[in-house]
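Enquirer: Dropping a structure here in structure tokens format, bear with me for questions.
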Amino acid sequence: MSKLHVTTKVNGDTVEFLCDPRETLLDVLRDRLGLTGAKEGCGTGDCGACSVTVDGRLVCSCLMLGAEAEGKEIATVEGIAEGGALHPLQKKFIEYAALQCGICTPGILVAAKNLLEKTPDPTEEQVRYWLAGNLCRCTGYDKIIRAVMDTAAEMREAS
Amino acid sequence: MALDSSKTTGFKYVGTRPDRPDGFDKVTGRAKFGADATAPGMLFAAIKRSPHAHARILRIDTTKALAMEGVKAVVTRADFATGLTGENWNILENVMAGDTALYDGHAVAAVAATSALSARDAMKAIEVEYEILPHVTDVDKAMEPGAPVIRTGAADASVPEGLHPNVVRYHKSGHGDVEAGFAEADLVIEDHFVTEATHQGYIEPHACLGTLGADGKGELWCCTQGHWNVQKVCAALLGLETSQLRVTASEIGGGFGGKTTVFIEPVALALSRKANRPVKLVMTRAEVFKASGPTSSTSMDVRIGMKTDGTITAAEGVFRLQGGAFPGAPMEFTAMCAFAPYDLKHVRQVGYDVLTNRPKQAAYRAPGSPMAAFAVESVIDELCKKLDLDPIDTRLKNASHEGTRASFGPKWPRIGLVETLEAAKAHPHYTAPLAPGQGRGISCGFWFNHGGETSVSLAMSEDGSAQIMVGTPDIGGSRASMALMAAEVLGIPYENIRCTIADTASLGYNEISHGSRVTYASGLATIKAAEAAVEELCARAAAKWGIPEDAVYWEDGCAKPSGPNAGDFEPLPIAEITATMGATGGPINGHFEATPEGAGVSFATHIVDAEVDRETGSTKVVRYTVVQDAGKAVHPTYVEGQFQGGAAQGIGWALNEEYIYGEDGRLQNAGFLDYRIPVASDLPMIDTVIVEVPNPGHPFGVRGVGETSICPPLAAIANAVSAAAGVRMRQLPMRPSRILEALDSAADG
């Protein structure tokens with residue numbers, strides 16, 4: 001099967017790649033573009049470890065084909081920090097120990113950032129339901145929810 | 001005189017909450033996990049698996065697969081070592097089936113190709129002809145006369161005569177005369193309990209990248225809880241010399257016991273040897289469910305006698321565990337943990353390890369203990385209810401403490417069960433009012449904790465900073481804990497220490513990160529290694545000052561003369577000593593190797609409020625409090641995290657999670673959609689209380705904390721749900737259909 005040529009933007013940079021029509025966006029990010037921040041936990045859209053945004057919309061990159069990225073703007077965990085300066089969410093996740101093993105962390109950060117962009121003052125229930133598509137097996141979510149809530153409060157104060 | 005930095009109070013660094021050293025990498029996507037490694041010329045692999053629960057393999061035809069574009073190698077059992085015995089044979093048989101496929105998902109062949117998609121296509125083109133055999137997946141049915149025999153001659157000498165050949169190990173322990181004890185009771189309750197198999201549910205599937213040459217030398221990168229064990233087992237399964245295989249542990253995306261053994265690593269290496277190229281092998285989620293190591297399912301009978309004042313007069317339990325098609329279900333731990341919280345005059349526990357056509361079980365966080373607590377603590381709860389007794393007071397009345405005899409034999413050293421019960425009783429949660437439809441449950445739980453073979457090496461740098469090499473993969477923030485303990489001894493800031501998980505070629509042998517042993521054993525070894533470095537630092541200062549070594553002591557990162565008689569010298573900071581170490585005797589290092597045996601046991605008490613919807617049968621945990629003895633919390637935030645994580649896994653086990661097998665012996669729910677682990681919207685905040693009863697076996701009093709947190713939840717939640725529903729729940733998970741059945745039968749009844 002011949003490969004498809006795709007041009008897209010990832011974290012602001014224009015990239016081109018060839019991919020098999022069956023390859024997912026996650027396969028492309030990880031195996032063709034070397035961006036291994038997004039993780040494959042299930043491959044069926046159940047765990048959220050591969051979360052990225054496509055034109056600002058939160059998606060599981062394992063459920064989208066690489067070929068569908070043509071002309072889109074993709075944002076991954078690698079693009080959250082600005083240079084060496086961590087995003088407030090990243091700082092709070094470290095400070096609150098909102099991660100143990102860290103495999104779900106990239107997806108959760110992408111999802112939480114997307115939430116705060118739309119909903120700067122979420123309730124605990126809103127955070128819990130927004131992140132319900134991101135499985136974490138280590139933390140029991142307690143410190144994750146607190147970190148997101150506290151980041152939201154801090155970002156509101158700063159703005 | 002060897003330096004001794006033992007203490008239980010007056011810490012400067014231990015007990016603080018600094019940022020973890022791997023935090024930056026993990027929030028930026030830089031951290032490299034099992035599937036994140038690549039190598040030049042790398043191939044991708046896929047494993048062909050049996051779709052049958054039990055089937056003889058008549059023929060494997062790889063011709064079509066090998067003829068496909070990009071396919072470089074196919075392996076079957078013939079490509080692995082022969083003549084293995086004992087557990088190595090079991091592991092090989094599990095990694096790649098021999099004559100018979102023993103469960104749905106059992107590996108029968110594997111292929112390596114130039115892309116992941118080609119490997120998967122080629123895997124599908126491997127043809128396997130089977131003769132289907134009768135199967136059994138249920139523990140009770142597997143013990144019945146006439147049940148299909150999974151393997152003849154698998155039973156060891158512990159098994160009494162007359163039992164089905166599927167019973168492969170047997171355990172019996174206890175003391176006193178239980179019948180005499182039951183005769184003294186005012187009320188005896190006996191009940192039957194069932195729990196389903198659950199999976200550790202780590203989010204990172206097993207993944208590895210292996211390179212092995214025809215010269216017998218290899219490199220392996222994998223996500224594992226114990227890379228020396230991977231090295232040892234892979235070498236055996238491939239017929240290699242252990243030291244010729246270097247294994248590097250990646251960052252590990254969760255393990256909880258499930259990454260303590262090997263599943264795919266030997267396969268990647270065998271393919272690499274055949275193709276002479278590096279081979280990457282990553283499990284799909286369905287493969288993780290079907291062919292890694294879930295926990296055992298159980299069938300249990302527990303009988304307890306109590307006086308009207310709450311004194312337990314006797315206790316007895318029978319625990320049947322299936323662990324898949326191989327021996328190893330942790331039934332002796334189930335039996336030994338069952339009554340451990342209680343000081344009993346008459347106690348007896350029996351365990352059966354039973355083979356079924358399911359995947360080979362692996363450890364899951366305090367293996368065997370949570371199920372035991374579910375059965376025992378449910379019966380105690382029922383006794384308290386019938387005798388109108390307070391559940392915490394009753395447990396306090398019977399609680400094990402220092403000097404009492406454990407149900408499985410030894411006398412307890414200093415333990416903290418009473419302290420956790422008292423802290424739970426004093427917690428506002430215990431007396432908070434409940435809303436209609438809610439119930440409260442409590443439970444105690446116990447785990448042994450473990451020491452194990454441990455090596456640690458510490459090296460001073462010329463600028464006075466230090467690096468520590470440990471061999472226990474960091475599964476919960478242990479690099480931070482090691483650095484805190486080293487900082488305490490060296491007297492230098494936490495930030496000046498870097499802790500690395502060394503590969504197998506860079507450090508001596510280390511047992512797996514299991515048994516909640518890391519903060520205890522690697523921590524103890526880190527302290528001893530740091531002490532050795534401090535002794536040398538003091539010796540260099542003594543030489544510089546021209547005074548005896550024993551006239552120098554170490555404080556706040558400086559060598560100091562021990563008193564006026566030693567001489568009048570300004571304190572010598574660590575960086576001044578290390579700056580010249582090359583000229584004053586050479587590099588300053590410290591190392592420590594041992595098998596520490598003073599791992600302090602750990603107890604916990606959990607309080608849960610649950611709400612039951614009587615129309616839908618759905619259950620919600622509305623409040624949760626964990627109280628657990630940590631001995632000494634080195635990094636309290638991470639200790640809290642272990643408490644919360646264990647509770648959350650317990651909530652999943654109690655309410656939702658189960659392996660569901662069809663009549664055909666196939667797993668029906670091999671995915672996160674149908675095997676539902678708790679999501680953020682399922683859970684409340686999880687409150688924690690850290691109790692600190694120092695472990696006399698650790699210099700700073702540390703006890704392992706990782707596993708005990710999953711011991712009480714099944715029982716505590718079942719007690720809460722039973723109270724809310726008004727009917728005793730004896731089977732897990734308490735999914736809505738089961739709650740509705742229980743409510744219906746109670747109404748009928």
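Note on naming: chains are A, B, ... as they come in the structure tokens, residues start from 1 per chain, ligands start from 1 in the order shown.
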Need to verify the contact set: Pro278 in chain B, 9 Å, only C-alpha atoms, exclusion of same-chain residues closer than 2 positions in sequence. Can you return it as a VMD selection string?
Expert: chain B and resid 38 to 44 209 to 212 268 to 269 271 to 273 275 to 276 280
Enquirer: Residues of chain B within 7 Å of chain A, using only C-alpha atoms, as a PyMOL selection string?
Expert: chain B and resi 19+23+26-30+36+201-205+252-254+284-285+475-477+637+641+644-645+648+672-673+679-681+685-686
Enquirer: Keeping only N, CA and C atoms, write the selected residues to a file as a short mmCIF file (atom, residue, chain, number, x, y, z; two decimals), in the first residue's frame.
Expert:
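selection-v3.cif, written as the output of this step:
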```cif
data_model
loop_
_atom_site.label_atom_id
_atom_site.label_comp_id
_atom_site.auth_asym_id
_atom_site.auth_seq_id
_atom_site.Cartn_x
_atom_site.Cartn_y
_atom_site.Cartn_z
N ASP B 19 10.27 18.74 45.64
CA ASP B 19 9.86 18.27 44.31
C ASP B 19 10.65 17.03 43.93
N GLY B 23 10.34 14.97 38.09
CA GLY B 23 9.12 15.72 37.84
C GLY B 23 9.15 16.49 36.53
N LYS B 26 8.72 14.38 33.53
CA LYS B 26 7.41 13.74 33.41
C LYS B 26 6.29 14.72 33.07
N VAL B 27 6.46 16.00 33.37
CA VAL B 27 5.42 16.96 32.97
C VAL B 27 5.69 17.57 31.59
N THR B 28 6.86 17.31 31.03
CA THR B 28 7.17 17.88 29.71
C THR B 28 7.13 16.83 28.61
N GLY B 29 6.92 15.56 28.97
CA GLY B 29 6.88 14.50 27.96
C GLY B 29 8.24 13.95 27.62
N ARG B 30 9.26 14.39 28.37
CA ARG B 30 10.62 13.97 28.05
C ARG B 30 10.97 12.60 28.63
N ASP B 36 9.13 4.04 24.55
CA ASP B 36 9.67 5.28 23.98
C ASP B 36 11.08 5.14 23.41
N GLY B 201 -3.88 -3.06 36.23
CA GLY B 201 -4.40 -1.92 35.48
C GLY B 201 -3.43 -0.77 35.27
N TYR B 202 -2.13 -1.05 35.33
CA TYR B 202 -1.15 -0.01 35.00
C TYR B 202 -1.47 0.52 33.60
N ILE B 203 -1.28 1.83 33.41
CA ILE B 203 -1.68 2.45 32.14
C ILE B 203 -0.65 2.15 31.05
N GLU B 204 0.59 1.84 31.43
CA GLU B 204 1.61 1.54 30.43
C GLU B 204 1.64 0.05 30.13
N PRO B 205 1.30 -0.35 28.88
CA PRO B 205 1.42 -1.77 28.53
C PRO B 205 2.88 -2.21 28.59
N ILE B 252 8.91 3.60 34.51
CA ILE B 252 7.88 2.57 34.51
C ILE B 252 6.50 3.19 34.74
N GLY B 253 5.61 2.91 33.81
CA GLY B 253 4.27 3.51 33.84
C GLY B 253 3.30 2.68 34.65
N GLY B 254 3.65 2.43 35.90
CA GLY B 254 2.79 1.65 36.79
C GLY B 254 3.14 0.18 36.71
N THR B 284 -0.46 -4.83 23.22
CA THR B 284 -1.69 -4.03 23.12
C THR B 284 -2.40 -4.15 24.47
N ARG B 285 -3.39 -3.30 24.68
CA ARG B 285 -4.12 -3.37 25.95
C ARG B 285 -4.84 -4.71 26.07
N ILE B 475 8.97 3.27 41.44
CA ILE B 475 7.56 3.12 41.07
C ILE B 475 6.66 4.05 41.86
N GLY B 476 7.23 4.92 42.72
CA GLY B 476 6.32 5.82 43.43
C GLY B 476 7.01 7.06 43.97
N GLY B 477 8.13 7.42 43.38
CA GLY B 477 8.85 8.60 43.88
C GLY B 477 10.05 8.25 44.75
N THR B 637 4.17 13.51 51.24
CA THR B 637 3.23 13.64 50.12
C THR B 637 3.16 12.34 49.32
N GLY B 641 0.15 9.71 48.71
CA GLY B 641 -0.16 9.22 47.36
C GLY B 641 -0.32 7.71 47.33
N GLN B 644 -3.67 6.90 48.96
CA GLN B 644 -4.81 7.23 48.10
C GLN B 644 -4.91 6.27 46.91
N GLY B 645 -3.75 5.94 46.34
CA GLY B 645 -3.75 5.06 45.17
C GLY B 645 -4.24 3.66 45.53
N ALA B 648 -7.98 3.75 45.98
CA ALA B 648 -8.70 3.86 44.70
C ALA B 648 -8.73 2.52 43.98
N PHE B 672 -10.30 -1.37 28.50
CA PHE B 672 -10.67 -0.45 29.58
C PHE B 672 -12.12 0.02 29.51
N LEU B 673 -12.79 -0.21 28.36
CA LEU B 673 -14.19 0.18 28.29
C LEU B 673 -15.05 -0.79 29.11
N VAL B 679 -12.62 6.14 37.38
CA VAL B 679 -12.24 7.38 36.70
C VAL B 679 -12.47 8.53 37.68
N ALA B 680 -11.97 9.71 37.30
CA ALA B 680 -11.96 10.84 38.24
C ALA B 680 -13.35 11.15 38.79
N SER B 681 -14.37 11.00 37.94
CA SER B 681 -15.72 11.36 38.38
C SER B 681 -16.37 10.29 39.26
N MET B 685 -12.50 12.97 47.15
CA MET B 685 -11.17 13.17 47.68
C MET B 685 -10.91 12.04 48.69
N ILE B 686 -9.68 11.65 48.82
CA ILE B 686 -9.36 10.55 49.74
C ILE B 686 -8.48 11.09 50.85
#
```
Enquirer: Any idea what's packed within 6 Å of Val354 in chain B, counting only C-alpha atoms, ignoring anything in its chain fewer than 3 positions away? Could you give it as a compact mmCIF listing (two decimals) with C-alpha atoms, in the first residue's frame?
Expert:
```
# COMPACT_ATOMS: atom_id res chain seq x y z
CA ASN B 166 -5.56 -29.10 39.83
CA VAL B 167 -4.81 -28.42 43.50
CA VAL B 168 -1.07 -27.87 43.30
CA LEU B 321 -7.33 -19.24 45.01
CA GLN B 322 -6.88 -19.92 41.31
```
Enquirer: Using only C-alpha atoms, which protein or nucleic acid residues come within 6 Å of Phe256 in chain B? Drop anything in the same chain fewer than 5 positions from it, and give the result as a PyMOL selection string.
Expert: chain B and resi 200+364-365
Enquirer: Env of range 90-104 of chain B: 8 Å cut, atoms = only C-alpha atoms, seq-sep filter 4 positions within chain, self excluded. Answer as a ChimeraX atom specification.
Expert: /B:49-58,76-77,85-86,108-109,150,237,262-264,266-267,290-291,325-326,357-360,665-667
Enquirer: Can you work out which one of A:Thr14, A:Thr119, A:Asn114, A:Thr24 has the shortest atom-to-atom distance to Gly66 in chain A, counting only C-alpha atoms?
Expert: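 Distance minimum relative to Gly66 in chain A lands on A:Thr24.
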